[in-house]
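Heads up, the thing below is written out as structure tokens.
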Amino acid sequence: MRYEGGHSARLRRRLLTGTALVVVATVGAAVALPLLRDRSQRRLERRADREVTATAQRTRAALLAAPSTREAALRDAAALDGVEVLAVEAGDAGVRLVFRVRVAKTAASVFGWQEANAAACFAQVVSRSATPAVMERLPCPT
């Protein structure tokens with residue numbers, strides 16, 4: 001006479017092992033997905049910051065390419081996408097232009113659409129001569 005419990009015990013062990021694997025996989029995914037999302041968001045924010053700096057450098061190049069002391073000419077030279085002229089101040093060394101650069105980046109990812117906004121303010125002194133001047137990064141007014 002044979003007891004039929006051998007098959008059901010193996011089946012129970014397989015089900016228990018399978019359930020344990022599913023639980024471990026679910027917990028792993030629940031922990032890993034937010035970390036991956038945060039990393040992807042930080043990468044997008046770094047790209048936005050780099051684009052702010054690149055736009056500021058392009059604005060600086062445009063300002064220094066056509067040196068002028070006229071406010072309207074400097075505002076026109078700084079008319080790039082995402083650039084807002086905050087102040088134009090005449091001084092002894094030349095005209096100091098303060099501008100804000102804003103960039104909004106979006107990217108598709110496994111987690112849906114991600115968005116990052118970056119902004120920074122800069123000041124550039126433009127003199128009549130073609131001497132280059134350092135561009136300084138300023139805190140933005142609120």
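Simple scheme: letters A, B, ... for chains in structure tokens order, numbers from 1 for residues in each chain, numbers from 1 for ligands in the order shown.
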*Residue neighbourhood region 56-70 of chain A, 6 Å, only C-alpha atoms, exclusion window fewer than 3 positions, as a list in words*: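 Here the answer would be Thr53, Ala73, Ala77, Ala78, Val95 and Arg128 of chain A.
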Could those residues be written to a file, using N, CA and C atoms, as a short mmCIF file (atom, residue, chain, number, x, y, z; two decimals), in the first residue's frame?
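Generated output (part_4.cif):
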data_model
loop_
_atom_site.label_atom_id
_atom_site.label_comp_id
_atom_site.auth_asym_id
_atom_site.auth_seq_id
_atom_site.Cartn_x
_atom_site.Cartn_y
_atom_site.Cartn_z
N THR A 53 24.65 76.50 -19.39
CA THR A 53 26.01 77.02 -19.55
C THR A 53 26.36 77.21 -21.02
N ALA A 73 21.55 97.60 -29.12
CA ALA A 73 22.38 96.67 -29.89
C ALA A 73 22.75 95.46 -29.02
N ALA A 77 21.79 91.52 -29.55
CA ALA A 77 22.82 90.49 -29.63
C ALA A 77 22.54 89.34 -28.66
N ALA A 78 21.88 89.67 -27.55
CA ALA A 78 21.58 88.64 -26.54
C ALA A 78 20.23 87.98 -26.78
N VAL A 95 29.97 98.34 -21.04
CA VAL A 95 28.58 98.12 -20.67
C VAL A 95 28.45 96.74 -20.07
N ARG A 128 34.16 98.67 -25.97
CA ARG A 128 34.21 99.03 -27.39
C ARG A 128 35.28 98.25 -28.12
#
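Residues surrounding region 113-117 of chain A within 8 Å are Gln41, Leu44, Glu45, Ala48, Arg102, Val103, Ala104, Lys105, Thr106 and Ala107 of chain A [only C-alpha atoms; sequence separation below 6 positions excluded].
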*With only C-alpha atoms as the basis for distance, which of A:Val125, A:Val31, A:Ala120, A:Ala25 is at the shortest distance from Leu138 (chain A)?*
A:Ala120
*Got a sec: who's within 9 Å of Arg96 (chain A), counting only C-alpha atoms, leaving out chain neighbours fewer than 6 positions off, as JSON, numbers by chain?*
{"A": [87, 88, 89, 90, 123, 124, 125, 126, 127]}
*Which of these residues is nearest to Ala119 (chain A), using only C-alpha atoms: A:Met135, A:Leu80, A:Cys140, A:Leu21?*
A:Cys140
*Nearest residue to Arg46 (chain A) from the set A:Thr142, A:Val134, A:Thr19, A:Ala118 (distances using only C-alpha atoms)*: A:Ala118
Select from chain A everything DSSP, run on the backbone, classes as strand (DSSP E or B), then give the selection as a short mmCIF file (atom, residue, chain, number, x, y, z; two decimals) with N, CA and C atoms, in the first residue's frame.
data_model
loop_
_atom_site.label_atom_id
_atom_site.label_comp_id
_atom_site.auth_asym_id
_atom_site.auth_seq_id
_atom_site.Cartn_x
_atom_site.Cartn_y
_atom_site.Cartn_z
N VAL A 83 16.98 83.29 -23.30
CA VAL A 83 17.79 84.33 -22.67
C VAL A 83 16.92 85.55 -22.42
N GLU A 84 16.95 86.03 -21.19
CA GLU A 84 16.19 87.21 -20.80
C GLU A 84 17.18 88.24 -20.25
N VAL A 85 17.20 89.42 -20.83
CA VAL A 85 18.10 90.48 -20.36
C VAL A 85 17.45 91.12 -19.14
N LEU A 86 18.19 91.12 -18.01
CA LEU A 86 17.66 91.67 -16.77
C LEU A 86 18.07 93.13 -16.57
N ALA A 87 19.32 93.44 -16.90
CA ALA A 87 19.80 94.81 -16.70
C ALA A 87 20.93 95.13 -17.66
N VAL A 88 21.02 96.39 -18.02
CA VAL A 88 22.12 96.90 -18.82
C VAL A 88 22.64 98.13 -18.09
N GLU A 89 23.91 98.06 -17.65
CA GLU A 89 24.50 99.15 -16.86
C GLU A 89 25.76 99.66 -17.55
N ALA A 90 25.84 100.96 -17.75
CA ALA A 90 27.03 101.56 -18.35
C ALA A 90 28.04 101.83 -17.24
N VAL A 95 29.97 98.34 -21.04
CA VAL A 95 28.58 98.12 -20.67
C VAL A 95 28.45 96.74 -20.07
N ARG A 96 27.83 96.68 -18.89
CA ARG A 96 27.64 95.40 -18.20
C ARG A 96 26.21 94.93 -18.44
N LEU A 97 26.10 93.75 -19.03
CA LEU A 97 24.80 93.17 -19.36
C LEU A 97 24.56 92.00 -18.41
N VAL A 98 23.46 92.04 -17.70
CA VAL A 98 23.07 90.95 -16.80
C VAL A 98 21.90 90.23 -17.46
N PHE A 99 22.05 88.92 -17.61
CA PHE A 99 20.99 88.15 -18.28
C PHE A 99 20.75 86.83 -17.58
N ARG A 100 19.55 86.32 -17.77
CA ARG A 100 19.13 85.03 -17.21
C ARG A 100 18.92 84.05 -18.35
N VAL A 101 19.38 82.83 -18.14
CA VAL A 101 19.19 81.77 -19.11
C VAL A 101 18.30 80.71 -18.47
N ARG A 102 17.24 80.35 -19.16
CA ARG A 102 16.33 79.31 -18.68
C ARG A 102 16.24 78.20 -19.72
N VAL A 103 16.26 76.96 -19.21
CA VAL A 103 16.16 75.80 -20.08
C VAL A 103 15.18 74.81 -19.45
N ALA A 104 14.30 74.28 -20.27
CA ALA A 104 13.39 73.22 -19.84
C ALA A 104 13.65 72.01 -20.73
N LYS A 105 13.98 70.89 -20.11
CA LYS A 105 14.26 69.66 -20.85
C LYS A 105 13.20 68.63 -20.49
N THR A 106 12.76 67.89 -21.49
CA THR A 106 11.87 66.76 -21.26
C THR A 106 12.47 65.55 -21.97
N ALA A 107 12.19 64.40 -21.40
CA ALA A 107 12.70 63.18 -22.00
C ALA A 107 11.74 62.04 -21.69
N ALA A 108 11.61 61.15 -22.63
CA ALA A 108 10.80 59.96 -22.42
C ALA A 108 11.68 58.90 -21.79
N SER A 109 11.12 58.18 -20.86
CA SER A 109 11.86 57.10 -20.22
C SER A 109 10.89 55.95 -19.95
N GLY A 112 7.87 57.04 -17.98
CA GLY A 112 7.00 58.08 -18.52
C GLY A 112 7.83 59.31 -18.87
N TRP A 113 7.17 60.45 -19.00
CA TRP A 113 7.86 61.68 -19.33
C TRP A 113 8.50 62.26 -18.09
N GLN A 114 9.76 62.67 -18.24
CA GLN A 114 10.46 63.34 -17.15
C GLN A 114 10.78 64.75 -17.60
N GLU A 115 10.80 65.68 -16.66
CA GLU A 115 11.03 67.08 -16.98
C GLU A 115 12.04 67.66 -16.00
N ALA A 116 12.90 68.52 -16.51
CA ALA A 116 13.87 69.23 -15.67
C ALA A 116 13.95 70.68 -16.15
N ASN A 117 13.91 71.59 -15.20
CA ASN A 117 14.05 73.01 -15.50
C ASN A 117 15.32 73.52 -14.83
N ALA A 118 16.06 74.34 -15.54
CA ALA A 118 17.28 74.92 -14.99
C ALA A 118 17.34 76.39 -15.39
N ALA A 119 17.87 77.20 -14.48
CA ALA A 119 18.02 78.63 -14.76
C ALA A 119 19.27 79.13 -14.04
N ALA A 120 19.93 80.10 -14.64
CA ALA A 120 21.10 80.73 -14.04
C ALA A 120 21.22 82.14 -14.58
N CYS A 121 21.84 83.00 -13.79
CA CYS A 121 22.06 84.38 -14.22
C CYS A 121 23.54 84.63 -14.42
N PHE A 122 23.84 85.46 -15.39
CA PHE A 122 25.23 85.75 -15.76
C PHE A 122 25.37 87.24 -16.01
N ALA A 123 26.60 87.72 -15.91
CA ALA A 123 26.92 89.11 -16.24
C ALA A 123 28.11 89.11 -17.18
N GLN A 124 28.03 89.95 -18.19
CA GLN A 124 29.11 90.06 -19.17
C GLN A 124 29.39 91.54 -19.40
N VAL A 125 30.65 91.93 -19.30
CA VAL A 125 31.05 93.31 -19.60
C VAL A 125 31.49 93.35 -21.06
N VAL A 126 30.91 94.29 -21.81
CA VAL A 126 31.24 94.46 -23.22
C VAL A 126 31.85 95.84 -23.39
N GLU A 136 30.69 86.30 -15.61
CA GLU A 136 30.53 85.86 -14.23
C GLU A 136 29.13 85.32 -14.00
N ARG A 137 29.06 84.32 -13.15
CA ARG A 137 27.77 83.71 -12.80
C ARG A 137 27.26 84.39 -11.53
N LEU A 138 26.02 84.83 -11.56
CA LEU A 138 25.43 85.57 -10.44
C LEU A 138 24.25 84.79 -9.87
#
